Structure formats: C-alpha cells, structure tokens
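Below is my_file32.txt, holding compact mmCIF, C-alpha atoms.
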# COMPACT_ATOMS: atom_id res chain seq x y z
CA MET A 1272 -13.15 1.32 11.76
CA VAL A 1273 -14.80 3.88 9.49
CA ASP A 1274 -18.56 4.14 8.85
CA ARG A 1275 -18.33 5.04 5.17
CA VAL A 1276 -15.81 4.54 2.37
CA CYS A 1277 -15.24 6.79 -0.64
CA LEU A 1278 -15.48 4.82 -3.90
CA GLY A 1279 -14.70 7.64 -6.30
CA ALA A 1280 -15.20 11.25 -7.29
CA VAL A 1281 -16.99 12.85 -10.22
CA ALA A 1282 -14.32 14.28 -12.53
CA GLY A 1283 -16.65 16.00 -15.00
CA ALA A 1284 -19.37 15.59 -17.61
CA HIS A 1285 -19.11 13.21 -20.54
CA GLY A 1286 -21.15 14.01 -23.66
CA VAL A 1287 -24.46 15.86 -23.71
CA ARG A 1288 -26.78 13.19 -22.31
CA GLY A 1289 -25.95 13.53 -18.64
CA GLN A 1290 -23.20 10.93 -18.33
CA VAL A 1291 -20.30 11.71 -16.00
CA LYS A 1292 -16.66 10.68 -15.71
CA VAL A 1293 -15.86 9.18 -12.31
CA LYS A 1294 -12.31 8.79 -11.00
CA PRO A 1295 -12.46 5.38 -9.29
CA PHE A 1296 -10.65 4.64 -5.99
CA THR A 1297 -11.71 0.99 -5.99
CA GLU A 1298 -9.48 -2.02 -6.69
CA ASN A 1299 -11.44 -2.76 -9.86
CA PRO A 1300 -12.55 0.53 -11.53
CA ASP A 1301 -15.98 -0.83 -12.54
CA ASP A 1302 -16.80 -1.52 -8.87
CA VAL A 1303 -17.77 2.12 -8.28
CA ALA A 1304 -21.31 1.00 -9.13
CA ALA A 1305 -21.08 -2.50 -7.64
CA TYR A 1306 -22.17 -1.73 -4.08
CA GLY A 1307 -25.59 -0.20 -4.76
CA PRO A 1308 -26.63 3.43 -4.48
CA VAL A 1309 -23.96 5.91 -3.39
CA GLU A 1310 -24.30 9.18 -1.53
CA ASP A 1311 -22.47 12.48 -1.49
CA GLU A 1312 -20.13 13.69 1.26
CA ARG A 1313 -22.90 15.11 3.45
CA GLY A 1314 -25.14 12.12 2.85
CA ASP A 1315 -28.17 14.14 1.73
CA ARG A 1316 -28.15 13.09 -1.96
CA ARG A 1317 -28.24 9.51 -3.19
CA PHE A 1318 -27.29 8.38 -6.69
CA LYS A 1319 -27.91 5.13 -8.52
CA LEU A 1320 -25.00 4.52 -10.89
CA SER A 1321 -24.55 2.31 -13.92
CA VAL A 1322 -21.17 1.99 -15.65
CA THR A 1323 -21.32 2.45 -19.43
CA GLY A 1324 -17.64 2.51 -20.35
CA ARG A 1325 -14.11 3.68 -19.62
CA HIS A 1326 -12.17 6.76 -20.67
CA LYS A 1327 -8.43 6.84 -19.89
CA ASP A 1328 -8.23 6.43 -16.10
CA THR A 1329 -11.87 7.31 -15.48
CA VAL A 1330 -15.12 5.34 -15.69
CA ILE A 1331 -18.08 6.65 -17.69
CA VAL A 1332 -21.18 6.44 -15.53
CA ARG A 1333 -24.89 7.11 -16.07
CA ILE A 1334 -26.67 8.46 -13.00
CA ASP A 1335 -30.41 8.00 -12.57
CA GLY A 1336 -32.14 11.40 -12.73
CA VAL A 1337 -29.26 13.18 -14.47
CA SER A 1338 -30.18 13.57 -18.13
CA ASP A 1339 -28.39 16.66 -19.46
CA ARG A 1340 -24.88 18.06 -19.51
CA ASN A 1341 -25.64 21.00 -17.18
CA ALA A 1342 -26.85 18.65 -14.43
CA ALA A 1343 -23.80 16.44 -15.00
CA GLU A 1344 -21.44 19.45 -14.82
CA ALA A 1345 -23.01 20.48 -11.52
CA LEU A 1346 -21.85 17.18 -9.98
CA ARG A 1347 -18.17 17.80 -10.74
CA GLY A 1348 -16.09 17.26 -7.59
CA THR A 1349 -18.77 15.25 -5.80
CA ARG A 1350 -17.29 12.37 -3.82
CA LEU A 1351 -19.26 9.15 -3.86
CA TYR A 1352 -19.61 7.18 -0.62
CA VAL A 1353 -21.16 3.91 0.50
CA ALA A 1354 -21.61 2.57 4.01
CA ARG A 1355 -18.75 0.27 5.09
CA ALA A 1356 -21.38 -2.35 6.02
CA VAL A 1357 -22.38 -2.67 2.34
CA LEU A 1358 -18.98 -4.13 1.34
CA PRO A 1359 -18.96 -7.96 1.25
CA GLU A 1360 -17.05 -9.87 3.92
CA PRO A 1361 -13.41 -10.26 2.83
CA GLU A 1362 -12.00 -13.74 2.30
CA GLU A 1363 -9.96 -15.54 5.00
CA GLY A 1364 -6.76 -13.68 5.83
CA ALA A 1365 -7.80 -10.51 3.99
CA PHE A 1366 -8.77 -7.21 5.59
CA TYR A 1367 -10.16 -4.01 4.12
CA HIS A 1368 -7.72 -1.12 4.38
CA ALA A 1369 -10.61 0.90 5.77
CA ASP A 1370 -10.89 -1.57 8.69
CA LEU A 1371 -7.16 -1.58 9.46
CA ILE A 1372 -6.70 2.19 9.45
CA GLY A 1373 -7.22 3.52 12.96
CA LEU A 1374 -6.46 0.27 14.82
CA SER A 1375 -4.17 0.63 17.79
CA VAL A 1376 -0.84 -1.16 17.40
CA VAL A 1377 0.23 -3.32 20.35
CA SER A 1378 3.46 -5.30 20.68
CA VAL A 1379 3.46 -9.01 21.54
CA GLY A 1380 4.47 -7.99 25.06
CA GLY A 1381 1.34 -5.84 25.40
CA GLU A 1382 3.00 -2.43 25.00
CA THR A 1383 1.04 0.12 22.94
CA LEU A 1384 3.19 1.26 20.02
CA GLY A 1385 0.88 3.59 18.10
CA ARG A 1386 -2.00 3.76 15.65
CA VAL A 1387 -2.32 2.56 12.03
CA THR A 1388 -2.43 5.49 9.61
CA SER A 1389 -2.28 3.81 6.20
CA VAL A 1390 -1.73 0.59 4.30
CA HIS A 1391 0.52 0.51 1.21
CA ASP A 1392 1.52 -1.95 -1.46
CA PHE A 1393 4.66 -0.89 -3.34
CA GLY A 1394 5.03 -4.24 -5.10
CA ALA A 1395 6.67 -6.19 -2.27
CA GLY A 1396 3.47 -7.09 -0.39
CA ASP A 1397 1.27 -5.04 1.89
CA LEU A 1398 2.85 -2.69 4.40
CA VAL A 1399 1.19 -1.26 7.49
CA GLU A 1400 2.25 2.24 8.48
CA TYR A 1401 1.71 3.38 12.06
CA VAL A 1402 2.54 6.49 14.01
CA ASP A 1403 3.86 6.33 17.58
CA ALA A 1404 3.06 8.74 20.41
CA SER A 1405 5.96 11.05 19.48
CA GLY A 1406 4.80 11.29 15.84
CA GLY A 1407 7.44 8.92 14.43
CA GLN A 1408 6.35 6.89 11.41
CA HIS A 1409 7.06 3.16 11.22
CA MET A 1410 6.36 0.61 8.51
CA LEU A 1411 5.89 -3.10 8.89
CA PRO A 1412 5.27 -5.88 6.33
CA PHE A 1413 1.71 -7.18 6.76
CA THR A 1414 2.66 -10.85 7.21
CA LEU A 1415 1.60 -13.50 9.71
CA ALA A 1416 5.06 -13.44 11.27
CA MET A 1417 5.08 -9.69 11.88
CA VAL A 1418 1.36 -9.11 12.42
CA PRO A 1419 0.26 -12.31 14.17
CA GLU A 1420 -3.12 -11.00 15.31
CA VAL A 1421 -5.68 -8.53 13.97
CA ASP A 1422 -8.58 -7.96 16.34
CA LEU A 1423 -11.05 -5.76 14.48
CA ALA A 1424 -13.71 -6.03 17.19
CA GLY A 1425 -11.19 -5.04 19.85
CA GLY A 1426 -9.74 -2.28 17.64
CA ARG A 1427 -6.17 -3.51 17.95
CA MET A 1428 -3.42 -5.20 15.99
CA VAL A 1429 -0.69 -7.24 17.66
CA VAL A 1430 2.70 -6.84 15.99
CA ASP A 1431 6.12 -8.40 16.35
CA PRO A 1432 8.37 -5.78 14.74
CA PRO A 1433 11.82 -6.91 13.60
CA GLU A 1434 14.97 -5.43 15.08
CA GLU A 1435 16.67 -2.76 13.00
CA SER A 1436 20.21 -3.35 11.83
CA PRO A 1437 22.77 -0.74 12.97
CA ASP A 1438 22.45 2.53 11.04
CA GLU A 1439 25.88 2.43 9.38
CA GLY A 1440 25.07 4.86 6.61
CA PRO A 1441 26.05 4.94 2.97
CA GLU A 1442 29.72 4.91 3.95
CA ASP A 1443 29.40 1.14 3.59
CA LEU A 1444 29.31 1.83 -0.11
CA ALA A 1445 32.49 3.93 0.00
CA GLN A 1446 34.22 1.23 2.01
CA ASP A 1447 33.13 -1.35 -0.54
CA ARG A 1448 34.53 0.76 -3.38
CA ALA A 1449 37.83 1.18 -1.58
CA GLU A 1450 38.14 -2.61 -1.32
CA MET B 991 26.77 -13.58 -25.85
CA ALA B 992 25.23 -10.21 -25.00
CA ARG B 993 27.48 -7.88 -23.02
CA SER B 994 24.92 -7.60 -20.18
CA VAL B 995 24.73 -11.40 -19.86
CA TRP B 996 28.50 -11.72 -19.91
CA LYS B 997 28.88 -9.10 -17.15
CA GLY B 998 26.27 -10.70 -14.86
CA PRO B 999 23.97 -8.97 -12.38
CA PHE B 1000 25.27 -6.01 -10.37
CA VAL B 1001 25.16 -6.15 -6.58
CA ASP B 1002 26.95 -3.85 -4.14
CA GLY B 1003 29.51 -6.06 -2.36
CA TYR B 1004 28.67 -4.87 1.14
CA LEU B 1005 25.09 -6.03 0.64
CA LEU B 1006 26.16 -9.65 0.25
CA LYS B 1007 28.20 -9.38 3.45
CA LYS B 1008 25.30 -7.83 5.36
CA ALA B 1009 22.90 -10.51 4.12
CA ASP B 1010 25.32 -13.29 5.10
CA THR B 1011 25.81 -11.79 8.57
CA SER B 1012 22.07 -11.41 9.09
CA ARG B 1013 21.32 -14.93 7.95
CA ALA B 1014 24.09 -16.37 10.13
CA SER B 1015 22.83 -14.51 13.21
CA GLY B 1016 19.32 -15.93 12.66
CA ARG B 1017 17.77 -12.77 14.09
CA ASN B 1018 14.54 -11.28 12.81
CA GLU B 1019 15.89 -7.93 11.66
CA VAL B 1020 15.51 -5.29 8.96
CA ILE B 1021 18.76 -4.79 7.05
CA LYS B 1022 19.02 -1.08 6.30
CA ILE B 1023 20.45 -0.42 2.84
CA TRP B 1024 20.92 2.45 0.43
CA ALA B 1025 21.78 0.18 -2.52
CA ARG B 1026 18.65 0.79 -4.60
CA ARG B 1027 20.60 -0.08 -7.77
CA SER B 1028 21.54 -3.57 -6.61
CA THR B 1029 19.92 -6.62 -8.15
CA ILE B 1030 17.97 -8.91 -5.81
CA MET B 1031 19.85 -12.21 -5.65
CA PRO B 1032 18.42 -15.67 -4.79
CA GLN B 1033 20.35 -15.70 -1.49
CA PHE B 1034 18.31 -12.67 -0.30
CA VAL B 1035 14.98 -14.57 -0.38
CA GLY B 1036 13.30 -14.55 3.03
CA LEU B 1037 15.28 -11.59 4.38
CA THR B 1038 13.74 -8.18 5.08
CA PHE B 1039 15.60 -5.15 3.81
CA GLY B 1040 14.86 -1.55 4.70
CA VAL B 1041 15.43 0.19 1.36
CA HIS B 1042 16.06 3.92 1.68
CA ASN B 1043 13.85 6.10 -0.49
CA GLY B 1044 15.67 9.34 0.24
CA GLN B 1045 13.62 10.00 3.34
CA LYS B 1046 12.99 6.76 5.19
CA PHE B 1047 13.54 3.02 4.99
CA ILE B 1048 10.75 1.06 3.30
CA PRO B 1049 10.64 -2.58 4.47
CA VAL B 1050 10.97 -5.03 1.59
CA LEU B 1051 10.42 -8.70 2.42
CA VAL B 1052 12.20 -10.50 -0.44
CA THR B 1053 10.30 -13.31 -2.15
CA GLU B 1054 11.27 -15.57 -5.07
CA ASN B 1055 9.27 -13.47 -7.55
CA MET B 1056 11.47 -10.45 -6.82
CA VAL B 1057 14.76 -12.09 -7.81
CA GLY B 1058 16.32 -10.26 -10.77
CA HIS B 1059 14.60 -6.97 -9.99
CA LYS B 1060 16.37 -4.01 -8.37
CA PHE B 1061 15.75 -3.02 -4.73
CA GLY B 1062 14.77 0.50 -5.77
CA GLU B 1063 11.71 -0.80 -7.64
CA PHE B 1064 10.06 -1.64 -4.31
CA SER B 1065 10.79 1.61 -2.50
CA PRO B 1066 9.11 4.49 -4.34
CA THR B 1067 10.56 7.94 -3.83
CA ARG B 1068 7.25 9.69 -4.46
CA THR B 1069 4.31 8.44 -2.41
CA TYR B 1070 0.69 8.78 -3.44
CA TYR B 1071 -1.40 7.74 -0.49
CA GLY B 1072 -4.64 7.22 -2.41
CA HIS B 1073 -7.92 6.09 -0.92
CA ALA B 1074 -8.75 2.94 1.01
CA ALA B 1075 -12.13 2.38 -0.74
CA ASP B 1076 -12.61 -1.40 -1.12
CA LYS B 1077 -8.91 -2.27 -1.28
CA LYS B 1078 -7.81 -5.29 0.76
CA ALA B 1079 -4.56 -6.29 2.45
CA ARG B 1080 -3.67 -9.98 2.63
CA ARG B 1081 -1.41 -11.77 5.08

Rewrite the structure of this file - the entire thing - as structure tokens.
Amino acid sequence: MVDRVCLGAVAGAHGVRGQVKVKPFTENPDDVAAYGPVEDERGDRRFKLSVTGRHKDTVIVRIDGVSDRNAAEALRGTRLYVARAVLPEPEEGAFYHADLIGLSVVSVGGETLGRVTSVHDFGAGDLVEYVDASGGQHMLPFTLAMVPEVDLAGGRMVVDPPEESPDEGPEDLAQDRAE
Amino acid sequence: MARSVWKGPFVDGYLLKKADTSRASGRNEVIKIWARRSTIMPQFVGLTFGVHNGQKFIPVLVTENMVGHKFGEFSPTRTYYGHAADKKARR
C-alpha cells in the first residue's frame, strides 16, 4: 500500500491572475481539489486548490497564495499529492488501485505467484496485472471467481487463475479459411 | 434491407468451435484467440477469451453488454498505464 497518491500535475498557467491548468489523474476531473490541501512531490509545499472551470482535458484551478502569471508559470510540472489516508473508504467490493498495487499474489493452494504491478480497465471490466519471479507478466480479470480474497492488511491477494487453452496460433484461421 | 443486416455478423468459424469445446469441457480456461475482427456472439457470454493485442493476450470476460461489439475493442494495442490516483476496481 502506498502512503501518498498523485491526483494531478500542473500543466501551465491560465490567464494573468494566477490560475493554473491541472492535468487530472482522478476518476472525476474535478476531484483534484476534493481531498483538501495537496502537496508537491517532496512534501515541503502545500497548496489549497479550488476548481474554477475546465479547458479541454485539463481543469482550471485557483491556488491560494498564487496571484500572478509568473508565480503560476513557476508551478508548471509540479505534481500534486495527498496522503492515501485522506481518501474516503471505498464502498463494499471496491478497492483503490493504489491499495492493490504492490500486493503479493498467492494461489488458492498457497503458492506465491508474484506481485501486482497495475490495474487496468480496457472496457471489459477491471484486470489485475502481476509479475512473477522470472519477470513474466500475467493478467487476470478482477472478479470474485478469479480473485476470491483481497487481504489488504495482510498485503496479499488470493487468486484462482484459469487454465490457458493450448497455444495453437493463428494457423487456426488459415485452417478455417481452407474449410 | 441494408446489405450489412442481410449479411449478418462476422465471426471466424474456428472461434465458434473453440467456444463450443470450452463450454462442453466445463473447465475454467482462457481461450486464446487472434480473431480481433470477430463479433461477440450471445453464445460467448460467460466465457473468458485471451485476445491477442500483437504482444500478449488480454483476458476478456464476455458479458451481455459486449454482444455485438468486436473482440479487438477490448484489447488495446497501445497501452497507457496512467496513474492510480483515486481510481477504484470493483469485483
């Protein structure tokens, strides 16, 4: 589990009154300012944000204490973090990606299979990607059947990976055409 | 009648055979396929396909909402990993 999560990054200045454009990494773009004050990468500067609008794929944000364009320009590239503890508890059956990444992956039989590296959603539901000891990447649908147990406190995820069908190759297609 | 309606959905024939075999065996398995252009048919619902994206097989668990779409839509060939931020995964 990570200590902090990155909510967005300052993409540049907007106008001459100190507003900035923030590229949001949150599920809902306006939520970059929803979790209270944010801090920079090193944690030595804190910013209080208020969202004032949207521009293309960025959010226009006013930052307390930044009142001119030069100060806003100076923030370009700054990543905005909040403590993981600030995020509200997820609903039943939901898990923050930040919590899942880094969990060790254990089979139903108790064998350690690897470590979670990322969570994706390509439109067919959430997928957990993990890397085994030899560096091989594996993906698994994040469903109750295939991931029966997620133990955040214990830092592990129990999985029941499906068997893989024989690797017959695209020659199936050629065979099908011949028929 | 529109030509596309008259022709019906396109599915690679071997895919139907593979799906039938997998369903008959009753095993929990990923069916590896390269047929990104094939339409998802109602008889595929509940099966898990590993759809090749040119590099690896992306698991696609077929649900009712996906019927009529193509397999390739769920297996992107260019991956942007992005940031976790406050995103949630649901089981």

Item to check | Residue hits in chain B, query chain A, radius 7 Å, all atoms listed in the file, as a ChimeraX atom specification | outcome: /B:1003-1004,1018-1022,1024,1048-1051,1064-1065,1073-1081

Checklist outcome for this item: Ser1405 in chain A proximity check over A:Val1287, A:Leu1423, A:Val1357, A:Leu1384, using all atoms listed in the file: winner is A:Leu1384

Checklist entry - CA of Tyr1401 in chain A to CA of Val1376 in chain A: how many Å, to one decimal? => result 7.5 Å

Item to check | Top pick for closest residue to Lys1327 in chain A, considering A:Val1293, A:Val1421, A:Ala1404, A:Met1428 and counting all atoms listed in the file | outcome: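 Checking each of A:Val1293, A:Val1421, A:Ala1404, A:Met1428 against Lys1327 in chain A, counting all atoms listed in the file, the winner is A:Val1293.
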
Item to check | Spatial sel., origin (18.0, 9.4, 2.3), limit 10 Å, all atoms listed in the file, listed as a list in words | outcome: Gly1440 and Pro1441 of chain A; Trp1024, Val1041, His1042, Asn1043, Gly1044, Gln1045, Lys1046, Phe1047 and Thr1067 of chain B

Checklist entry - What separation in Å, quoted to one decimal, exists between CA of Asp1301 in chain A and CA of Val1322 in chain A? => result 6.7 Å

Checklist entry - CA of Met1031 in chain B and CA of Asn1055 in chain B, how far apart in Å? => result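 It comes out at 10.8 Å.
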
Next on the checklist: I need the residue nearest Phe1061 in chain B from this list: B:Ser994, B:Thr1038, B:Thr1011, B:Thr1029. Use all atoms listed in the file for the distance.
Outcome noted: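 Closest candidate: B:Thr1029.
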
Item to check | Pick from A:Ala1342, A:Val1402, A:Ala1280, A:Val1273, whichever lies nearest to Asp1311 in chain A using all atoms listed in the file | outcome: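 Ranked by minimum distance to Asp1311 in chain A, first place goes to A:Ala1280.
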